[in-house]
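For reference, the structure discussed in these notes is given below.
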Amino acid sequence: MAENLAKFCAGCGYPITLMMLNKTLEKLDLQKRAVLGLDIGCALLAWNFLPINTFQTHHGRVAPTMMGFKRARNNSICFALVGDGGAYAIGLQSLIHAAKRDEPITVIVANNTVYGMTGGQTAPTTLCGQVTPTSPKGNIEEPFHGPEMLKGVIKDGAFLARTAVNEPKQLQEFLQKAIETQQAGHFSLVEVLSFCPTNWKTNGVDTINKLNGLKDIFELGIL
Amino acid sequence: MEGSLKIIMLEKEKQFLTGHEIVIKACLDAEADVMYGYPITPTCEILSGWSNIGKQYLQTEDEIAAGFAVCGAVLAGKKAFTASAGPGHILLQDAFSMAEAMRLPFVMVIGQRGGPSSGTVIYSQQEVTLACYGGNGEGYRLVYSPSNAKELYELTRQAFNDAWHYRFPAVLLTDGYLLKTKSVFNLAEITKMVNIPAHALVPEDKVVHWPNIYTLEEELNEEINETKKDFSAISEEISKAESYKTDGIEYLVIAHGIVGAVAKMAVDELREKNIKVGLFRPITLRPFSKKQLDDLFVKNNIKNVVVVESSFGQLARIVRDELAPEIDATFTYIQKPGLGIEVEEIVEFMKKLKI
């Protein structure tokens with residue numbers, strides 16, 4: 001269970017992903033070997049949330065940090081928790097190369113289509129037409145599909161998947177597969193469609209509806 | 001390269017080595033485990049050399065990844081380092097500022113090249129400010145400036161030892177002239193040094209929750225005050241400078257790195273001409289040997305201080321900042337950004353100054 005109270009906004013999707021991660025680690029008896037690196041953005045709020053080794057890094061830099069950690073301590077189970085901006089904008093170069101080199105780390109990307117921590121600005125995953133503080137007339141670009149893009153560079157044995165915070169069974173299943181992939185020495189990435197009622201400015205019902213709507217644009221499943 | 005690296009591995013007393021090979025040897029002898037790097041002149045040969053000796057290494061996609069991989073490795077308890085220059089040095093400041101905040105024993109070797117921008121590729125002393133103060137916020141770091149092959153070796157070893165002992169990130173600040181020059185390296189002349197072992201900062205036997213960003217301004221203020229206190233406490237002990245022929249001087253030359261070596265030769269020549277000049281050569285730029293410099297002014301009646309450097313006053317700014325405010329000194333400068341400085345230039349300058 002959680003080590004400390006969540007500091008995330010009410011209704012945030014991150015705690016669900018984190019609790020599922022913890023549950024999976026418990027099930028596999030890997031909590032002691034787990035190391036959770038956090039990107040900067042909302043992910044940073046998880047610094048004392050789980051009863052596993054956790055530290056914060058810089059925006060866009062969690063993947064290379066965890067690569068360095070994993071290469072230095074082979075028996076650790078390394079996670080890089082990062083938002084869609086950290087993974088697919090500022091940290092994309094490192095993410096592509098980590099996937100290309102088949103680094104045995106697990107990247108967990110929270111995709112809520114906005115930059116949550118800084119006020120809901122346009123992210124690489126923002127939908128076409130979506131209004132944000134930096135796209136006041138609606139985003140003119142199509143959203144970026146991270147796992148699909150990485151599919152072209154990964155090696156055999158790597159694992160890429162997308163699920164959502166309201167698909168807890170699948171989320172747990174994919175996290176377990178990602179961990180097993182890491183243990184087998186390969187790269188894994190699980191993108192989790194998540195919600196951000198604070199920046200979406202949605203009530204409970206609309207939040208769930210919007211999240212479910214994202215599944216039509218970002219297909220769930222193993223790639 | 002490979003052939004000469006085999007020679008490095010042997011414990012021959014006298015060897016004819018490039019600066020790159022000396023750095024690699026020092027990193028090996030410091031028991032460094034891993035290097036992450038990205039090729040950039042004039043430090044490429046450190047990466048390629050290290051890649052050929054059977055140690056762990058990775059050529060990353062850029063210097064940013066190299067820097068953060070070093071952070072990851074030291075968090076896990078491995079001695080890790082990188083080497084870079086110029087524009088790569090700028091990118092490394094991202095990871096290096098994390099190392100400042102988290103007190104990570106991150107070691108980087110910088111071969112200064114000319115700037116701004118891509119500039120020139122072999123030599124300058126224009127990366128002093130970046131090396132000493134290149135982070136955002138006010139972090140603390142150790143910066144060493146070797147003047148010859150022997151110091152290149154010793155200070156690389158020292159950088160690893162101090163970084164792991166005191167947990168501050170460390171920069172070995174050199175240049176392409178020193179790195180690319182081949183010279184006789186005599187192991188018998190090297191000061192013996194015992195390695196400070198690495199230890200895991202994220203341990204395997206207990207859980208750590210390690211923040212690097214603070215909710216409250218007071219929390220951050222407290223943290224950086226603590227770091228400042230720790231840095232001040234070790235500053236006198238680990239700061240290093242050479243005072244050369246400084247008894248009874250009227251003129252003081254200040255220079256660092258290979259310009260320091262040149263200035264030393266100029267002082268010898270000027271002394272033969274009975275000009276009362278000595279040299280103060282900071283070996284650590286951070287922390288700076290403030291007391292040793294102040295004392296020279298207390299003991300001597302110095303008429304003029306001449307700061308000599310291959311930049312527009314990056315060393316001079318540090319000197320003026322560190323010198324006790326009650327010391328009234330007249331400053332003169334030889335500043336040649338991106339250019340080498342020869343003995344004769346300093347000698348001629350000093351002769352004119354005396355007239």
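In the structure tokens, chains take the letters A, B, ... in the order shown, each chain's residues start at 1, and ligands count up from 1 in the order shown.
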Checklist entry - Which polymer residues have any atom within 6 Å of an atom of region 119-124 of chain A, counting only C-alpha atoms, with same-chain residues fewer than 2 positions away left out, as a ChimeraX atom specification? => result /A:85,113-117,126,132-134,143-144,199
Contacts of region 1-10 of chain A at 8 Å (only C-alpha atoms; same-chain gap of 2+ positions) as a compact mmCIF listing (two decimals) with C-alpha atoms, in the first residue's frame:
# COMPACT_ATOMS: atom_id res chain seq x y z
CA CYS A 12 -5.55 12.44 -10.82
CA TYR A 14 -1.19 8.85 -11.48
CA PRO A 15 -1.99 7.23 -8.09
CA MET A 19 -0.82 1.56 -6.89
CA ASN A 22 3.13 -1.52 -6.37
CA LYS A 23 0.60 -4.35 -6.42
CA CYS A 42 3.41 15.53 -12.18
CA LEU A 45 4.91 13.97 -6.80
CA ALA A 46 5.45 10.22 -6.42
CA ASN A 48 7.66 9.21 -1.35
CA PHE A 49 4.45 7.51 -2.41
CA LEU A 50 5.50 3.86 -2.69
CA PRO A 51 7.55 1.71 -0.29
CA THR A 198 -7.73 19.81 -13.06
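Reported to one decimal place, the separation of CA of Val306 (chain B) from CA of Val347 (chain B) is 11.5 Å.
Shortest separation to Ile96 (chain A) among A:Arg73, A:Lys151, A:Lys137, A:His58 occurs at residue A:Lys151, atoms counted being only C-alpha atoms.
Counting only C-alpha atoms, the residue from A:Cys128, A:Leu214, A:Leu21, A:Ala184 that sits nearest to Gln170 (chain A) is A:Leu21.
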Checklist entry - Of the residues B:Leu104, B:Ala233, B:Leu178, B:Ala266, which is the one nearest to Asn148 (chain B), using only C-alpha atoms? => result B:Leu178
Chain B near chain A within 9 Å: what's each residue's closest atom pair and its distance in Å to one decimal, counting only C-alpha atoms, ordered by chain then ascending residue number, as a tab-separated table?
residue	atom	partner	partner_atom	distance
B:Asp33	CA	A:Ala72	CA	8.7
B:Val34	CA	A:Ala72	CA	8.4
B:Tyr36	CA	A:Gly68	CA	8.7
B:Gln56	CA	A:Arg71	CA	8.9
B:Thr60	CA	A:His97	CA	8.2
B:Glu61	CA	A:His97	CA	6.7
B:Asp62	CA	A:Ser94	CA	8.4
B:Ile64	CA	A:Arg61	CA	8.0
B:Ala65	CA	A:Pro64	CA	5.2
B:Ala66	CA	A:Pro64	CA	7.6
B:Gly67	CA	A:Thr65	CA	8.3
B:Phe68	CA	A:Thr65	CA	4.7
B:Ala69	CA	A:Gly68	CA	3.9
B:Val70	CA	A:Gly68	CA	6.1
B:Cys71	CA	A:Thr65	CA	6.1
B:Gly72	CA	A:Phe69	CA	4.1
B:Ala73	CA	A:Phe69	CA	4.7
B:Val74	CA	A:Phe69	CA	7.6
B:Leu75	CA	A:Phe69	CA	6.7
B:Ala76	CA	A:Phe69	CA	5.5
B:Gly77	CA	A:Ala72	CA	7.5
B:Lys78	CA	A:Ala72	CA	6.3
B:Asp94	CA	A:His58	CA	8.1
B:Ala95	CA	A:His58	CA	7.9
B:Met98	CA	A:Thr57	CA	7.2
B:Val202	CA	A:Asn53	CA	7.2
B:Pro203	CA	A:Asn53	CA	8.3
B:Glu204	CA	A:Arg33	CA	7.1
B:Asp205	CA	A:Lys32	CA	7.7
B:Lys206	CA	A:Lys32	CA	7.9
B:Val207	CA	A:Asn53	CA	4.9
B:Val208	CA	A:Asn53	CA	5.0
B:His209	CA	A:Thr54	CA	5.0
B:Trp210	CA	A:Phe55	CA	4.6
B:Pro211	CA	A:Gln56	CA	5.6
B:Asn212	CA	A:Gln56	CA	5.6
B:Ile213	CA	A:Gln56	CA	7.6
Next on the checklist: When you count only C-alpha atoms, which of these residues is closest to Glu242 (chain B): B:Ile302, B:Val109, B:Ile22, B:Leu296?
Outcome noted: B:Leu296
Item to check | Within 6 Å of Ser289 (chain B) using only C-alpha atoms, minus same-chain residues under 3 positions, as a ChimeraX atom specification | outcome: /B:239-240,292
Using N, CA and C atoms, can you write the selected residues to a file as a short mmCIF file (atom, residue, chain, number, x, y, z; two decimals), in the first residue's frame?
data_model
loop_
_atom_site.label_atom_id
_atom_site.label_comp_id
_atom_site.auth_asym_id
_atom_site.auth_seq_id
_atom_site.Cartn_x
_atom_site.Cartn_y
_atom_site.Cartn_z
N SER B 239 41.45 23.13 -1.22
CA SER B 239 41.87 24.10 -2.23
C SER B 239 43.39 24.03 -2.36
N LYS B 240 43.87 24.25 -3.58
CA LYS B 240 45.29 24.07 -3.84
C LYS B 240 45.78 25.15 -4.80
N GLN B 292 45.83 31.73 0.79
CA GLN B 292 47.19 31.70 0.23
C GLN B 292 47.45 32.95 -0.63
#
Checklist entry - When DSSP works through the backbone of this structure, what residues of region 139-207 of chain A end up as alpha helix (DSSP H), shown as a ChimeraX atom specification? => result /A:146-150,168-183,197-200,204-207
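Take the candidates B:Gly19, B:Pro87, B:Pro287, B:Pro325 and check each one against Val143 (chain B) using only C-alpha atoms; the shortest distance goes to B:Pro287.
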Using only C-alpha atoms, what does the table of region 59-94 of chain A residues within 7 Å of region 102-108 of chain A look like, with each row giving the shortest atom pair and its distance in Å to one decimal, sorted by chain and ascending number, as JSON lines?
{"residue": "A:Met67", "atom": "CA", "partner": "A:Glu103", "partner_atom": "CA", "distance": 6.6}
{"residue": "A:Cys78", "atom": "CA", "partner": "A:Ile105", "partner_atom": "CA", "distance": 5.3}
{"residue": "A:Phe79", "atom": "CA", "partner": "A:Thr106", "partner_atom": "CA", "distance": 4.8}
{"residue": "A:Ala80", "atom": "CA", "partner": "A:Val107", "partner_atom": "CA", "distance": 4.7}
{"residue": "A:Leu81", "atom": "CA", "partner": "A:Ile108", "partner_atom": "CA", "distance": 4.9}
{"residue": "A:Val82", "atom": "CA", "partner": "A:Ile108", "partner_atom": "CA", "distance": 6.3}
Next on the checklist: What's around Met193 (chain B) at 12 Å? Count only C-alpha atoms, leave out sequence neighbours fewer than 6 positions away in its own chain, and write the answer as a VMD selection string.
Outcome noted: chain B and resid 26 29 to 31 153 to 162 187
Checklist entry - Which residues in chain A does DSSP call strand (DSSP E)? List them as a ChimeraX atom specification. => result /A:34-38,53-56,77-83,106-111,114-115,121-122,159-164,188-193,221-222
Checklist entry - Contacts of Ile222 (chain A) at 7 Å or less, counting only C-alpha atoms, minus same-chain residues fewer than 4 places along, as a PyMOL selection string? => result chain A and resi 160-162
Residues just named, written with N, CA and C atoms as an mmCIF file, in the first residue's frame:
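The resulting file, again03.cif, is shown below:
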data_model
loop_
_atom_site.group_PDB
_atom_site.id
_atom_site.type_symbol
_atom_site.label_atom_id
_atom_site.label_comp_id
_atom_site.auth_asym_id
_atom_site.auth_seq_id
_atom_site.Cartn_x
_atom_site.Cartn_y
_atom_site.Cartn_z
ATOM 1 N N LEU A 160 6.023 -3.324 -25.940
ATOM 2 C CA LEU A 160 5.373 -2.012 -26.036
ATOM 3 C C LEU A 160 3.870 -2.219 -25.902
ATOM 4 N N ALA A 161 3.240 -1.419 -25.062
ATOM 5 C CA ALA A 161 1.796 -1.599 -24.894
ATOM 6 C C ALA A 161 1.151 -0.305 -24.457
ATOM 7 N N ARG A 162 -0.162 -0.241 -24.650
ATOM 8 C CA ARG A 162 -0.917 0.913 -24.162
ATOM 9 C C ARG A 162 -2.162 0.414 -23.450
#
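Residue nearest Ile208 (chain A) within the list A:Glu148, A:Asp156, A:Glu26, A:Glu167: A:Glu167 [criterion: smallest interatomic distance, only C-alpha atoms].
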Checklist entry - Can you list, as a list in words, every protein, DNA or RNA residue that comes within 10 Å of Ile249 (chain B) when you count only C-alpha atoms, leaving out same-chain residues fewer than 3 positions away? => result Lys245, Thr246, Leu252, Ile275, Lys276, Val277, Gly278, Leu279, Leu296, Phe297, Lys299, Asn300, Asn301, Ile302, Lys303 and Asn304 of chain B
Near Leu142 (chain B), counting only C-alpha atoms, which residues have an atom at most 7 Å away, once you skip same-chain residues fewer than 2 positions from it, shown as a PDB file with C-alpha atoms, in the first residue's frame?
ATOM      1  CA  TYR B 144      40.780  21.388 -10.948  1.00  0.00           C
ATOM      2  CA  PHE B 168      30.598  17.044  -4.547  1.00  0.00           C
ATOM      3  CA  PRO B 169      30.640  16.805  -8.347  1.00  0.00           C
ATOM      4  CA  ALA B 170      34.079  17.471  -9.819  1.00  0.00           C
ATOM      5  CA  VAL B 171      35.429  18.942 -13.055  1.00  0.00           C
ATOM      6  CA  ARG B 286      36.753  26.005  -6.918  1.00  0.00           C
ATOM      7  CA  PRO B 287      37.316  26.090  -4.040  1.00  0.00           C
TER       8      PRO B 287
END
